[in-house]
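What follows is the content of final.txt, which has compact mmCIF, C-alpha atoms:
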# COMPACT_ATOMS: atom_id res chain seq x y z
CA MET M 1 37.45 70.71 207.87
CA TYR M 2 37.93 67.65 205.66
CA ARG M 3 40.95 65.52 206.48
CA PRO M 4 41.95 62.83 204.01
CA ARG M 5 42.26 59.33 205.34
CA TRP M 6 45.70 57.78 205.52
CA SER M 7 44.51 55.03 203.18
CA HIS M 8 43.68 57.67 200.56
CA VAL M 9 47.03 59.37 201.03
CA LEU M 10 48.82 56.04 200.69
CA SER M 11 46.81 55.09 197.57
CA TYR M 12 47.52 58.38 195.81
CA SER M 13 51.18 58.20 196.80
CA VAL M 14 51.48 54.73 195.25
CA LEU M 15 49.68 55.89 192.10
CA LEU M 16 51.92 58.95 191.84
CA ALA M 17 55.04 56.84 192.28
CA GLY M 18 53.82 54.40 189.62
CA ALA M 19 53.08 57.25 187.22
CA LEU M 20 56.57 58.67 187.71
CA VAL M 21 58.13 55.27 187.07
CA PHE M 22 56.30 54.94 183.74
CA VAL M 23 56.65 58.58 182.62
CA TYR M 24 60.27 59.20 183.60
CA PRO M 25 61.89 57.08 180.81
CA PHE M 26 59.97 58.98 178.15
CA LEU M 27 60.80 62.35 179.72
CA TRP M 28 64.44 61.30 179.93
CA MET M 29 64.43 60.28 176.25
CA VAL M 30 63.03 63.66 175.20
CA ALA M 31 65.47 65.57 177.39
CA ALA M 32 68.44 63.45 176.29
CA SER M 33 67.69 64.15 172.64
CA PHE M 34 68.53 67.83 173.35
CA LYS M 35 71.69 67.10 175.36
CA PRO M 36 75.26 67.07 174.08
CA GLU M 37 76.50 63.51 173.59
CA ALA M 38 78.72 63.62 176.69
CA GLU M 39 75.78 64.48 179.00
CA ILE M 40 73.36 61.78 177.81
CA PRO M 41 74.44 59.06 180.34
CA SER M 42 73.36 61.32 183.25
CA PHE M 43 69.91 60.84 184.79
CA GLY M 44 69.06 64.53 184.92
CA LEU M 45 66.24 65.93 182.80
CA VAL M 46 67.58 69.46 182.23
CA PRO M 47 70.46 69.76 179.73
CA SER M 48 73.18 72.23 180.63
CA ARG M 49 73.52 73.32 176.99
CA PRO M 50 70.40 72.44 174.94
CA SER M 51 71.30 71.51 171.39
CA LEU M 52 69.48 70.47 168.22
CA GLU M 53 72.54 68.67 166.84
CA SER M 54 70.96 65.21 167.27
CA TYR M 55 67.90 66.25 165.28
CA ARG M 56 70.10 67.80 162.59
CA ILE M 57 71.93 64.49 162.17
CA VAL M 58 68.64 62.61 161.91
CA PHE M 59 67.22 64.92 159.26
CA ASP M 60 70.50 64.83 157.33
CA ARG M 61 70.77 61.03 157.26
CA VAL M 62 67.16 59.83 157.31
CA PRO M 63 64.48 60.82 154.75
CA ILE M 64 62.13 61.75 157.58
CA GLY M 65 59.67 63.67 155.39
CA ARG M 66 59.15 60.92 152.81
CA SER M 67 59.12 58.10 155.36
CA PHE M 68 56.65 60.06 157.52
CA LEU M 69 54.27 60.44 154.57
CA ASN M 70 54.64 56.74 153.74
CA SER M 71 53.81 55.74 157.30
CA LEU M 72 50.90 58.17 157.40
CA LEU M 73 49.47 56.83 154.14
CA VAL M 74 49.80 53.20 155.21
CA ALA M 75 48.51 53.73 158.76
CA LEU M 76 45.50 55.80 157.68
CA SER M 77 44.60 53.35 154.90
CA VAL M 78 44.82 50.35 157.22
CA THR M 79 42.87 52.15 159.94
CA ALA M 80 40.06 53.18 157.56
CA SER M 81 39.71 49.66 156.16
CA VAL M 82 39.68 48.08 159.64
CA LEU M 83 36.98 50.51 160.77
CA VAL M 84 34.76 49.75 157.76
CA PHE M 85 35.27 46.00 157.40
CA GLY M 86 35.68 45.34 161.11
CA SER M 87 32.43 47.11 161.97
CA MET M 88 30.59 45.22 159.22
CA VAL M 89 31.75 41.83 160.50
CA GLY M 90 31.21 42.87 164.12
CA TYR M 91 27.66 43.94 163.32
CA GLY M 92 26.96 40.63 161.59
CA LEU M 93 28.28 38.62 164.55
CA SER M 94 26.34 40.67 167.09
CA ARG M 95 22.97 41.34 165.41
CA LEU M 96 22.41 38.91 162.53
CA SER M 97 21.17 35.36 163.09
CA PHE M 98 22.71 32.70 160.88
CA LYS M 99 24.09 29.20 161.19
CA ALA M 100 27.57 28.72 162.60
CA ARG M 101 27.69 32.26 163.98
CA GLY M 102 29.09 30.95 167.26
CA LEU M 103 31.61 28.81 165.38
CA LEU M 104 32.80 31.77 163.36
CA PHE M 105 33.19 33.84 166.50
CA GLY M 106 35.21 31.02 168.09
CA VAL M 107 37.47 30.82 165.04
CA LEU M 108 37.93 34.59 165.24
CA LEU M 109 39.02 34.34 168.87
CA PHE M 110 41.41 31.53 167.94
CA THR M 111 43.10 33.63 165.25
CA MET M 112 43.83 36.28 167.89
CA MET M 113 46.02 33.73 169.68
CA VAL M 114 48.13 32.92 166.61
CA PRO M 115 51.42 34.90 166.58
CA PHE M 116 52.02 36.96 163.47
CA GLN M 117 55.40 35.29 163.05
CA LEU M 118 53.68 31.99 162.18
CA THR M 119 51.89 33.55 159.23
CA LEU M 120 54.78 35.77 158.14
CA ILE M 121 56.24 33.41 155.53
CA PRO M 122 52.89 32.34 153.96
CA THR M 123 51.83 35.98 153.74
CA TYR M 124 55.14 36.95 152.14
CA VAL M 125 54.73 34.13 149.59
CA LEU M 126 51.31 35.55 148.69
CA MET M 127 52.83 39.01 148.24
CA VAL M 128 55.43 37.53 145.87
CA LYS M 129 52.75 35.64 143.91
CA PHE M 130 50.71 38.83 143.55
CA ARG M 131 53.86 40.81 142.63
CA TRP M 132 53.15 43.28 145.41
CA VAL M 133 56.64 43.29 146.93
CA ASP M 134 58.04 46.84 147.03
CA THR M 135 54.56 48.36 146.66
CA TYR M 136 52.16 50.07 149.04
CA LEU M 137 49.73 47.18 148.56
CA ALA M 138 52.08 44.85 150.43
CA LEU M 139 51.99 47.22 153.40
CA ILE M 140 48.24 47.91 153.36
CA VAL M 141 46.31 44.83 152.17
CA PRO M 142 47.46 42.31 154.85
CA GLY M 143 46.20 44.65 157.58
CA THR M 144 42.81 45.55 156.12
CA VAL M 145 40.95 43.24 158.55
CA SER M 146 41.72 42.95 162.26
CA ALA M 147 40.41 40.12 164.45
CA PHE M 148 40.77 42.28 167.54
CA GLY M 149 38.88 45.14 165.86
CA ILE M 150 36.04 42.77 164.95
CA PHE M 151 35.94 41.46 168.50
CA LEU M 152 35.85 44.96 170.00
CA PHE M 153 33.10 46.09 167.63
CA ARG M 154 31.06 42.97 168.32
CA GLN M 155 31.28 43.52 172.07
CA PHE M 156 30.34 47.18 171.80
CA PHE M 157 27.43 46.58 169.41
CA MET M 158 25.97 44.10 171.90
CA SER M 159 25.40 47.01 174.28
CA ILE M 160 23.19 48.89 171.78
CA PRO M 161 19.45 48.26 172.40
CA GLN M 162 17.89 45.77 169.99
CA ASP M 163 14.66 47.84 169.95
CA LEU M 164 16.51 50.62 168.16
CA ILE M 165 17.62 48.27 165.40
CA ASP M 166 14.17 46.68 165.10
CA ALA M 167 12.61 50.14 164.75
CA ALA M 168 15.03 50.98 161.93
CA ARG M 169 14.14 47.75 160.14
CA ILE M 170 10.44 48.53 160.43
CA ASP M 171 11.13 51.92 158.86
CA GLY M 172 12.65 50.13 155.87
CA CYS M 173 16.39 50.50 156.59
CA GLY M 174 18.69 47.81 155.26
CA GLU M 175 21.45 46.29 157.36
CA LEU M 176 24.20 48.48 155.89
CA SER M 177 22.05 51.55 156.34
CA ILE M 178 21.46 50.60 159.97
CA LEU M 179 25.17 50.12 160.50
CA PHE M 180 26.41 53.33 158.91
CA ARG M 181 23.51 55.67 159.75
CA ILE M 182 22.49 54.44 163.21
CA ILE M 183 25.16 52.21 164.75
CA TRP M 184 28.20 54.25 163.74
CA PRO M 185 27.02 57.54 165.31
CA LEU M 186 26.34 55.66 168.57
CA SER M 187 29.71 53.89 168.50
CA LYS M 188 32.15 56.79 168.60
CA PRO M 189 34.09 55.42 171.62
CA ALA M 190 34.54 52.02 169.93
CA MET M 191 35.48 53.64 166.63
CA VAL M 192 38.09 55.82 168.32
CA THR M 193 39.53 52.91 170.30
CA VAL M 194 39.82 50.60 167.29
CA GLY M 195 41.20 53.49 165.25
CA ILE M 196 43.90 54.38 167.79
CA LEU M 197 44.98 50.77 168.39
CA THR M 198 45.06 50.01 164.66
CA PHE M 199 46.92 53.21 163.83
CA MET M 200 49.46 52.50 166.58
CA ALA M 201 50.02 48.92 165.42
CA SER M 202 50.43 49.94 161.79
CA TRP M 203 52.59 52.97 162.55
CA ASN M 204 54.98 51.06 164.84
CA ASP M 205 55.30 47.96 162.66
CA VAL M 206 58.91 47.28 161.68
CA LEU M 207 59.15 43.57 160.92
CA TRP M 208 56.67 43.39 158.03
CA PRO M 209 58.02 46.47 156.16
CA MET M 210 61.53 45.05 156.56
CA VAL M 211 60.36 41.88 154.79
CA VAL M 212 58.43 43.35 151.84
CA ILE M 213 60.01 46.78 151.24
CA ARG M 214 63.52 47.37 149.92
CA GLU M 215 63.05 50.59 147.96
CA PRO M 216 64.18 53.57 150.09
CA LYS M 217 61.41 55.78 148.71
CA LEU M 218 58.76 53.34 150.00
CA MET M 219 60.19 52.77 153.48
CA THR M 220 58.03 53.63 156.46
CA MET M 221 59.30 55.82 159.27
CA PRO M 222 59.90 52.98 161.80
CA GLN M 223 61.78 51.04 159.12
CA ALA M 224 63.95 54.02 158.20
CA VAL M 225 64.62 54.81 161.87
CA ALA M 226 65.51 51.16 162.60
CA LEU M 227 67.98 51.06 159.71
CA PHE M 228 69.49 54.35 160.85
CA ALA M 229 69.83 53.08 164.44
CA VAL M 230 71.64 49.97 163.24
CA GLY M 231 73.88 51.38 160.54
CA GLY M 232 73.94 55.17 160.63
CA ARG M 233 76.23 56.84 163.18
CA ALA M 234 75.69 53.84 165.44
CA GLU M 235 78.24 55.17 167.93
CA LEU M 236 76.05 58.18 168.78
CA LEU M 237 73.11 57.77 171.14
CA GLY M 238 71.65 61.27 170.77
CA PRO M 239 70.47 60.90 167.14
CA LYS M 240 68.87 57.54 167.98
CA LEU M 241 66.90 59.14 170.81
CA ALA M 242 65.92 62.06 168.59
CA ALA M 243 64.66 59.64 165.94
CA ALA M 244 62.68 57.75 168.60
CA VAL M 245 61.07 61.01 169.78
CA LEU M 246 60.03 61.92 166.24
CA LEU M 247 58.59 58.43 165.78
CA ALA M 248 56.56 58.55 169.00
CA LEU M 249 55.10 62.05 168.66
CA PRO M 250 52.18 61.21 166.28
CA ILE M 251 51.02 58.30 168.47
CA ILE M 252 51.20 60.32 171.67
CA SER M 253 49.37 63.24 170.07
CA ALA M 254 46.57 60.98 168.81
CA TYR M 255 46.15 59.30 172.19
CA ILE M 256 46.06 62.60 174.11
CA PHE M 257 43.43 63.98 171.74
CA PHE M 258 41.17 60.88 171.86
CA GLN M 259 41.92 59.53 175.34
CA ARG M 260 38.41 60.21 176.75
CA HIS M 261 36.75 58.10 174.05
CA PHE M 262 39.44 55.45 174.40
CA VAL M 263 38.84 54.96 178.13
CA GLU M 264 35.06 55.05 177.69
CA SER M 265 35.12 52.33 175.06
CA MET M 266 37.45 50.03 177.02
CA ALA M 267 35.06 50.35 179.97
CA ARG M 268 31.93 49.57 177.94
CA THR M 269 33.04 46.73 175.69
CA GLY M 270 33.05 44.22 178.53
CA LEU M 271 29.44 44.80 179.62
CA LYS M 272 27.97 42.05 177.42
CA GLY M 273 29.35 38.77 176.20
Mind converting the file's structure to C-alpha cells?
Amino acid sequence: MYRPRWSHVLSYSVLLAGALVFVYPFLWMVAASFKPEAEIPSFGLVPSRPSLESYRIVFDRVPIGRSFLNSLLVALSVTASVLVFGSMVGYGLSRLSFKARGLLFGVLLFTMMVPFQLTLIPTYVLMVKFRWVDTYLALIVPGTVSAFGIFLFRQFFMSIPQDLIDAARIDGCGELSILFRIIWPLSKPAMVTVGILTFMASWNDVLWPMVVIREPKLMTMPQAVALFAVGGRAELLGPKLAAAVLLALPIISAYIFFQRHFVESMARTGLKG
C-alpha cells in the first residue's frame, strides 16, 4: 500500500493554504455582492438572505450594457492588432537577418522598462493634435503594438525549427506567407498567451480612458465602474462589490477557457534566448 511521504503532505498542505489565501478574497467579494449591506463586514461566505439589490443598483446607475460593449470593442481591437503586428515584428527579430537587429531588440527591451505614466502626457498631446479625443481611436491606436507581445513572440518563434522555415522558402513562400500559414498554426500557445495578457491589460485600463474620454456613451466598463465607485452611492459597499464582480467575470472566463495554452506558452518561451 502506497503511503505518501511527510514531505509530500507538507508540500501539498502549503500549496493548499496558499491557494486558499489567494482565492478567498475573490470568493468573499462574490458572496458579499449577494449579502444585505449590514452583513457585508462579516467574513462568512454564505449570506443569510441572498439578495440581488446590489446588482439592481449597479444596473440602474451605471450603463453596464453600453460600457461593456465599448470595452469589448476596444479590447478585441487592441488584441487583434497586437497579435498581427506583434507577431510580424517578433518574426522579423527572430528569423530575419539585418543590420542593427540586436540593437532594435535592445531598444525594445528598454521600452518595456519605461512606465506608462512617463509617456502619458506626450501621448495625450498627440491625441489632441489628431483630434481623436472622445473617439474610439484614442482608446485603440495607442495600444496597437505591445513591446511585451513582440518579446514573447520573438522568444517563442526561436523555438520553431529553422529547417521548417527554410523548406517553406524553397517551396516559394514569402515571409508573410510563412508567418501566417506556417508559424501561426504552430504558435497557438503564444497567440493565446499574448491575447489573454493584452485583453486583460486593455479591459482593466482605467487611467488612459479617464484622460481621453469624457462622453458617457464612449466610456469603457472600468471607467464607468470607477466613476460609480467614487461618486455614485459611495456610502454603500455592496454595489461596488457587485460592479467589481461584473468587471472581473470576462477576464476570469477567458483565462479558465485558455489556461492550458497560457501555461504551455509561459513554459516554452524561455527555452531559447
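Note that atom CA of Ser71 of chain M and atom CA of Leu237 of chain M are 23.8 Å apart.
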Listed atoms of segment 91-100 of chain M boxed axis-aligned with 4 Å per side, centre + edges as JSON:
{"center_x": 24.7, "center_y": 36.3, "center_z": 164.0, "size_x": 15.1, "size_y": 23.2, "size_z": 14.2}
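Atom CA of Ile251 of chain M sits 8.1 Å away from atom CA of Trp203 of chain M.
You can rank M:Pro115, M:Leu249, M:Gly238, M:Leu137 by their closest distance to Phe34 of chain M using all atoms listed in the file, and at the top of that list sits M:Gly238.
Among the candidates M:Thr135, M:Ser253, M:Thr111, M:Ser87, the one nearest to Pro209 of chain M when counting all atoms listed in the file is M:Thr135.
Going from atom CA of Val46 of chain M over to atom CA of Phe59 of chain M, you cover 23.4 Å.
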Starting from the sparse input, extend segment 174-185 of chain M to all heavy atoms and give the output as a PDB file, keeping the file's coordinate frame.
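The new file out_39.pdb reads:
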ATOM      1  N   GLY M 174      17.946  49.030 155.442  1.00  0.00           N
ATOM      2  CA  GLY M 174      18.690  47.810 155.260  1.00  0.00           C
ATOM      3  C   GLY M 174      19.774  47.681 156.314  1.00  0.00           C
ATOM      4  O   GLY M 174      20.014  48.605 157.098  1.00  0.00           O
ATOM      5  N   GLU M 175      20.452  46.527 156.313  1.00  0.00           N
ATOM      6  CA  GLU M 175      21.450  46.290 157.360  1.00  0.00           C
ATOM      7  C   GLU M 175      22.616  47.259 157.257  1.00  0.00           C
ATOM      8  O   GLU M 175      23.098  47.773 158.268  1.00  0.00           O
ATOM      9  CB  GLU M 175      21.945  44.842 157.271  1.00  0.00           C
ATOM     10  CG  GLU M 175      20.852  43.794 157.442  1.00  0.00           C
ATOM     11  CD  GLU M 175      20.120  43.899 158.775  1.00  0.00           C
ATOM     12  OE1 GLU M 175      20.719  44.417 159.741  1.00  0.00           O
ATOM     13  OE2 GLU M 175      18.952  43.484 158.852  1.00  0.00           O
ATOM     14  N   LEU M 176      23.091  47.530 156.037  1.00  0.00           N
ATOM     15  CA  LEU M 176      24.200  48.480 155.890  1.00  0.00           C
ATOM     16  C   LEU M 176      23.774  49.886 156.282  1.00  0.00           C
ATOM     17  O   LEU M 176      24.563  50.642 156.876  1.00  0.00           O
ATOM     18  CB  LEU M 176      24.722  48.451 154.453  1.00  0.00           C
ATOM     19  CG  LEU M 176      25.475  47.190 154.027  1.00  0.00           C
ATOM     20  CD1 LEU M 176      25.916  47.311 152.570  1.00  0.00           C
ATOM     21  CD2 LEU M 176      26.692  46.954 154.922  1.00  0.00           C
ATOM     22  N   SER M 177      22.554  50.233 155.959  1.00  0.00           N
ATOM     23  CA  SER M 177      22.050  51.550 156.340  1.00  0.00           C
ATOM     24  C   SER M 177      21.954  51.661 157.860  1.00  0.00           C
ATOM     25  O   SER M 177      22.284  52.705 158.437  1.00  0.00           O
ATOM     26  CB  SER M 177      20.679  51.789 155.715  1.00  0.00           C
ATOM     27  OG  SER M 177      20.179  53.062 156.069  1.00  0.00           O
ATOM     28  N   ILE M 178      21.521  50.600 158.510  1.00  0.00           N
ATOM     29  CA  ILE M 178      21.460  50.600 159.970  1.00  0.00           C
ATOM     30  C   ILE M 178      22.856  50.772 160.557  1.00  0.00           C
ATOM     31  O   ILE M 178      23.069  51.546 161.501  1.00  0.00           O
ATOM     32  CB  ILE M 178      20.813  49.301 160.485  1.00  0.00           C
ATOM     33  CG1 ILE M 178      19.340  49.247 160.088  1.00  0.00           C
ATOM     34  CG2 ILE M 178      20.954  49.185 162.001  1.00  0.00           C
ATOM     35  CD1 ILE M 178      18.660  47.939 160.425  1.00  0.00           C
ATOM     36  N   LEU M 179      23.807  50.058 159.982  1.00  0.00           N
ATOM     37  CA  LEU M 179      25.170  50.120 160.500  1.00  0.00           C
ATOM     38  C   LEU M 179      25.767  51.509 160.372  1.00  0.00           C
ATOM     39  O   LEU M 179      26.273  52.072 161.355  1.00  0.00           O
ATOM     40  CB  LEU M 179      26.046  49.103 159.766  1.00  0.00           C
ATOM     41  CG  LEU M 179      27.541  49.145 160.086  1.00  0.00           C
ATOM     42  CD1 LEU M 179      27.798  48.829 161.552  1.00  0.00           C
ATOM     43  CD2 LEU M 179      28.320  48.176 159.187  1.00  0.00           C
ATOM     44  N   PHE M 180      25.706  52.070 159.164  1.00  0.00           N
ATOM     45  CA  PHE M 180      26.410  53.330 158.910  1.00  0.00           C
ATOM     46  C   PHE M 180      25.635  54.570 159.363  1.00  0.00           C
ATOM     47  O   PHE M 180      26.255  55.588 159.689  1.00  0.00           O
ATOM     48  CB  PHE M 180      26.752  53.444 157.432  1.00  0.00           C
ATOM     49  CG  PHE M 180      27.736  52.410 156.959  1.00  0.00           C
ATOM     50  CD1 PHE M 180      27.417  51.540 155.936  1.00  0.00           C
ATOM     51  CD2 PHE M 180      28.980  52.292 157.549  1.00  0.00           C
ATOM     52  CE1 PHE M 180      28.319  50.574 155.502  1.00  0.00           C
ATOM     53  CE2 PHE M 180      29.892  51.340 157.128  1.00  0.00           C
ATOM     54  CZ  PHE M 180      29.562  50.474 156.103  1.00  0.00           C
ATOM     55  N   ARG M 181      24.315  54.490 159.396  1.00  0.00           N
ATOM     56  CA  ARG M 181      23.510  55.670 159.750  1.00  0.00           C
ATOM     57  C   ARG M 181      23.045  55.666 161.193  1.00  0.00           C
ATOM     58  O   ARG M 181      22.730  56.735 161.733  1.00  0.00           O
ATOM     59  CB  ARG M 181      22.307  55.757 158.816  1.00  0.00           C
ATOM     60  CG  ARG M 181      22.668  55.953 157.345  1.00  0.00           C
ATOM     61  CD  ARG M 181      21.436  55.971 156.466  1.00  0.00           C
ATOM     62  NE  ARG M 181      20.519  57.043 156.833  1.00  0.00           N
ATOM     63  CZ  ARG M 181      19.324  57.239 156.265  1.00  0.00           C
ATOM     64  NH1 ARG M 181      18.925  56.417 155.299  1.00  0.00           N
ATOM     65  NH2 ARG M 181      18.555  58.223 156.649  1.00  0.00           N
ATOM     66  N   ILE M 182      23.001  54.515 161.839  1.00  0.00           N
ATOM     67  CA  ILE M 182      22.490  54.440 163.210  1.00  0.00           C
ATOM     68  C   ILE M 182      23.565  53.936 164.176  1.00  0.00           C
ATOM     69  O   ILE M 182      23.810  54.561 165.216  1.00  0.00           O
ATOM     70  CB  ILE M 182      21.245  53.539 163.275  1.00  0.00           C
ATOM     71  CG1 ILE M 182      20.120  54.142 162.431  1.00  0.00           C
ATOM     72  CG2 ILE M 182      20.792  53.353 164.723  1.00  0.00           C
ATOM     73  CD1 ILE M 182      18.883  53.288 162.352  1.00  0.00           C
ATOM     74  N   ILE M 183      24.196  52.804 163.834  1.00  0.00           N
ATOM     75  CA  ILE M 183      25.160  52.210 164.750  1.00  0.00           C
ATOM     76  C   ILE M 183      26.436  53.036 164.848  1.00  0.00           C
ATOM     77  O   ILE M 183      26.943  53.293 165.948  1.00  0.00           O
ATOM     78  CB  ILE M 183      25.492  50.770 164.320  1.00  0.00           C
ATOM     79  CG1 ILE M 183      24.231  49.918 164.274  1.00  0.00           C
ATOM     80  CG2 ILE M 183      26.522  50.158 165.261  1.00  0.00           C
ATOM     81  CD1 ILE M 183      23.552  49.757 165.607  1.00  0.00           C
ATOM     82  N   TRP M 184      26.949  53.475 163.718  1.00  0.00           N
ATOM     83  CA  TRP M 184      28.200  54.250 163.740  1.00  0.00           C
ATOM     84  C   TRP M 184      28.112  55.506 164.599  1.00  0.00           C
ATOM     85  O   TRP M 184      29.018  55.747 165.405  1.00  0.00           O
ATOM     86  CB  TRP M 184      28.615  54.589 162.305  1.00  0.00           C
ATOM     87  CG  TRP M 184      29.547  53.581 161.699  1.00  0.00           C
ATOM     88  CD1 TRP M 184      29.607  52.252 161.979  1.00  0.00           C
ATOM     89  CD2 TRP M 184      30.569  53.835 160.726  1.00  0.00           C
ATOM     90  NE1 TRP M 184      30.581  51.643 161.228  1.00  0.00           N
ATOM     91  CE2 TRP M 184      31.194  52.585 160.449  1.00  0.00           C
ATOM     92  CE3 TRP M 184      31.004  54.963 160.053  1.00  0.00           C
ATOM     93  CZ2 TRP M 184      32.235  52.462 159.528  1.00  0.00           C
ATOM     94  CZ3 TRP M 184      32.033  54.843 159.135  1.00  0.00           C
ATOM     95  CH2 TRP M 184      32.653  53.604 158.886  1.00  0.00           C
ATOM     96  N   PRO M 185      27.075  56.341 164.456  1.00  0.00           N
ATOM     97  CA  PRO M 185      27.020  57.540 165.310  1.00  0.00           C
ATOM     98  C   PRO M 185      26.958  57.217 166.797  1.00  0.00           C
ATOM     99  O   PRO M 185      27.380  58.048 167.615  1.00  0.00           O
ATOM    100  CB  PRO M 185      25.726  58.233 164.846  1.00  0.00           C
ATOM    101  CG  PRO M 185      25.525  57.760 163.446  1.00  0.00           C
ATOM    102  CD  PRO M 185      25.995  56.354 163.442  1.00  0.00           C
TER     103      PRO M 185
END
